[in-house]
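What follows is model_35.pdb (PDB, C-alpha atoms).
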ATOM      1  CA  MET A   1       5.452   9.717  -7.933  1.00  0.00           C
ATOM      2  CA  SER A   2       4.272  13.125  -9.010  1.00  0.00           C
ATOM      3  CA  SER A   3       3.387  13.686 -12.624  1.00  0.00           C
ATOM      4  CA  GLY A   4       5.211  17.003 -12.516  1.00  0.00           C
ATOM      5  CA  GLY A   5       2.185  18.926 -13.713  1.00  0.00           C
ATOM      6  CA  PRO A   6       0.078  21.369 -11.775  1.00  0.00           C
ATOM      7  CA  SER A   7      -2.250  19.828  -9.238  1.00  0.00           C
ATOM      8  CA  ASP A   8      -5.847  20.748  -8.541  1.00  0.00           C
ATOM      9  CA  ASP A   9      -5.361  19.796  -4.883  1.00  0.00           C
ATOM     10  CA  PRO A  10      -5.106  22.737  -2.516  1.00  0.00           C
ATOM     11  CA  VAL A  11      -1.724  23.398  -0.940  1.00  0.00           C
ATOM     12  CA  ILE A  12      -1.717  23.169   2.836  1.00  0.00           C
ATOM     13  CA  GLY A  13      -1.191  26.591   4.389  1.00  0.00           C
ATOM     14  CA  GLU A  14      -2.029  28.581   1.267  1.00  0.00           C
ATOM     15  CA  GLY A  15      -5.244  30.316   0.504  1.00  0.00           C
ATOM     16  CA  GLU A  16      -7.195  32.010   3.220  1.00  0.00           C
ATOM     17  CA  GLY A  17      -4.243  31.981   5.623  1.00  0.00           C
ATOM     18  CA  GLY A  18      -5.322  29.394   8.150  1.00  0.00           C
ATOM     19  CA  SER A  19      -4.017  29.460  11.662  1.00  0.00           C
ATOM     20  CA  ALA A  20      -1.149  27.242  12.768  1.00  0.00           C
ATOM     21  CA  ASP A  21      -3.642  24.868  14.423  1.00  0.00           C
ATOM     22  CA  GLU A  22      -5.635  24.567  11.198  1.00  0.00           C
ATOM     23  CA  ILE A  23      -2.470  23.876   9.209  1.00  0.00           C
ATOM     24  CA  VAL A  24      -1.380  21.238  11.716  1.00  0.00           C
ATOM     25  CA  GLU A  25      -4.783  19.575  11.471  1.00  0.00           C
ATOM     26  CA  GLU A  26      -4.628  19.611   7.655  1.00  0.00           C
ATOM     27  CA  LEU A  27      -1.158  18.060   7.799  1.00  0.00           C
ATOM     28  CA  ARG A  28      -2.333  15.424  10.265  1.00  0.00           C
ATOM     29  CA  THR A  29      -5.289  14.544   8.056  1.00  0.00           C
ATOM     30  CA  ALA A  30      -3.102  14.351   4.944  1.00  0.00           C
ATOM     31  CA  ALA A  31      -0.600  12.127   6.776  1.00  0.00           C
ATOM     32  CA  GLU A  32      -3.372   9.807   7.999  1.00  0.00           C
ATOM     33  CA  GLU A  33      -4.716   9.503   4.447  1.00  0.00           C
ATOM     34  CA  ALA A  34      -1.233   8.750   3.108  1.00  0.00           C
ATOM     35  CA  VAL A  35      -0.677   6.079   5.761  1.00  0.00           C
ATOM     36  CA  ALA A  36      -4.051   4.477   4.984  1.00  0.00           C
ATOM     37  CA  ILE A  37      -3.214   4.362   1.273  1.00  0.00           C
ATOM     38  CA  ALA A  38       0.227   2.896   1.984  1.00  0.00           C
ATOM     39  CA  ARG A  39      -1.227   0.250   4.307  1.00  0.00           C
ATOM     40  CA  GLU A  40      -3.771  -0.799   1.708  1.00  0.00           C
ATOM     41  CA  GLY A  41      -1.055  -1.064  -0.928  1.00  0.00           C
ATOM     42  CA  ALA A  42       1.122  -3.105   1.422  1.00  0.00           C
ATOM     43  CA  LYS A  43      -1.796  -5.398   2.247  1.00  0.00           C
ATOM     44  CA  GLU A  44      -2.492  -6.007  -1.439  1.00  0.00           C
ATOM     45  CA  LYS A  45       1.185  -6.700  -2.127  1.00  0.00           C
ATOM     46  CA  GLU A  46       1.391  -9.109   0.807  1.00  0.00           C
ATOM     47  CA  GLU A  47      -1.636 -11.006  -0.502  1.00  0.00           C
ATOM     48  CA  GLU A  48      -0.008 -11.241  -3.950  1.00  0.00           C
ATOM     49  CA  LEU A  49       3.243 -12.515  -2.459  1.00  0.00           C
ATOM     50  CA  TRP A  50       1.505 -15.169  -0.347  1.00  0.00           C
ATOM     51  CA  ALA A  51      -0.475 -16.343  -3.383  1.00  0.00           C
ATOM     52  CA  ARG A  52       2.750 -16.626  -5.381  1.00  0.00           C
ATOM     53  CA  TYR A  53       4.430 -18.472  -2.507  1.00  0.00           C
ATOM     54  CA  ARG A  54       1.573 -20.998  -2.396  1.00  0.00           C
ATOM     55  CA  GLU A  55       1.858 -21.508  -6.171  1.00  0.00           C
ATOM     56  CA  LEU A  56       5.580 -22.162  -5.896  1.00  0.00           C
ATOM     57  CA  ARG A  57       5.142 -24.609  -3.019  1.00  0.00           C
ATOM     58  CA  LYS A  58       2.449 -26.458  -4.958  1.00  0.00           C
ATOM     59  CA  SER A  59       4.694 -26.702  -8.033  1.00  0.00           C
ATOM     60  CA  ARG A  60       7.588 -28.054  -5.989  1.00  0.00           C
ATOM     61  CA  ARG A  61       5.362 -30.606  -4.308  1.00  0.00           C
ATOM     62  CA  GLU A  62       3.998 -31.783  -7.677  1.00  0.00           C
ATOM     63  CA  ARG A  63       7.520 -32.152  -9.095  1.00  0.00           C
ATOM     64  CA  ARG A  64       8.655 -34.198  -6.095  1.00  0.00           C
ATOM     65  CA  GLU A  65       5.647 -36.502  -6.428  1.00  0.00           C
ATOM     66  CA  ARG A  66       6.480 -37.379 -10.036  1.00  0.00           C
TER
END

Produce structure tokens that represent the structure in this file.
Amino acid sequence: MSSGGPSDDPVIGEGEGGSADEIVEELRTAAEEAVAIAREGAKEKEEELWARYRELRKSRRERRER
């Protein structure tokens, strides 16, 4: 998923040498953001799949009615 190039995002734990508690909080925040992004992607995919399912059911119904 990574482009392989350098990132402008800061690396957790590098820089001004944060304490363990600060690093844990940064990790927690990053994990929460990742989960939120994943949930949104899953929600969008589910909506696409249900729309496709409805299209398929409609097509089958129309073919049976002919």

Computed interatomic separation between CA of Ile23 in chain A and CA of Ala38 in chain A (Å):
22.4 Å

Using only the atoms of range 17-28 of chain A listed in the file, plus 8 Å on each side, state the axis-aligned box centre and edge lengths in Å rounded to one decimal, as JSON.
{"center_x": -3.4, "center_y": 23.7, "center_z": 10.0, "size_x": 20.5, "size_y": 32.6, "size_z": 24.8}

CA of Ala20 in chain A and CA of Ala34 in chain A, how far apart in Å?
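Computing the Euclidean distance for CA of Ala34 in chain A and CA of Ala20 in chain A yields 20.9 Å.
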
Atomic separation - CA of Lys45 in chain A relative to CA of Glu62 in chain A, Å
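The value is 25.8 Å.
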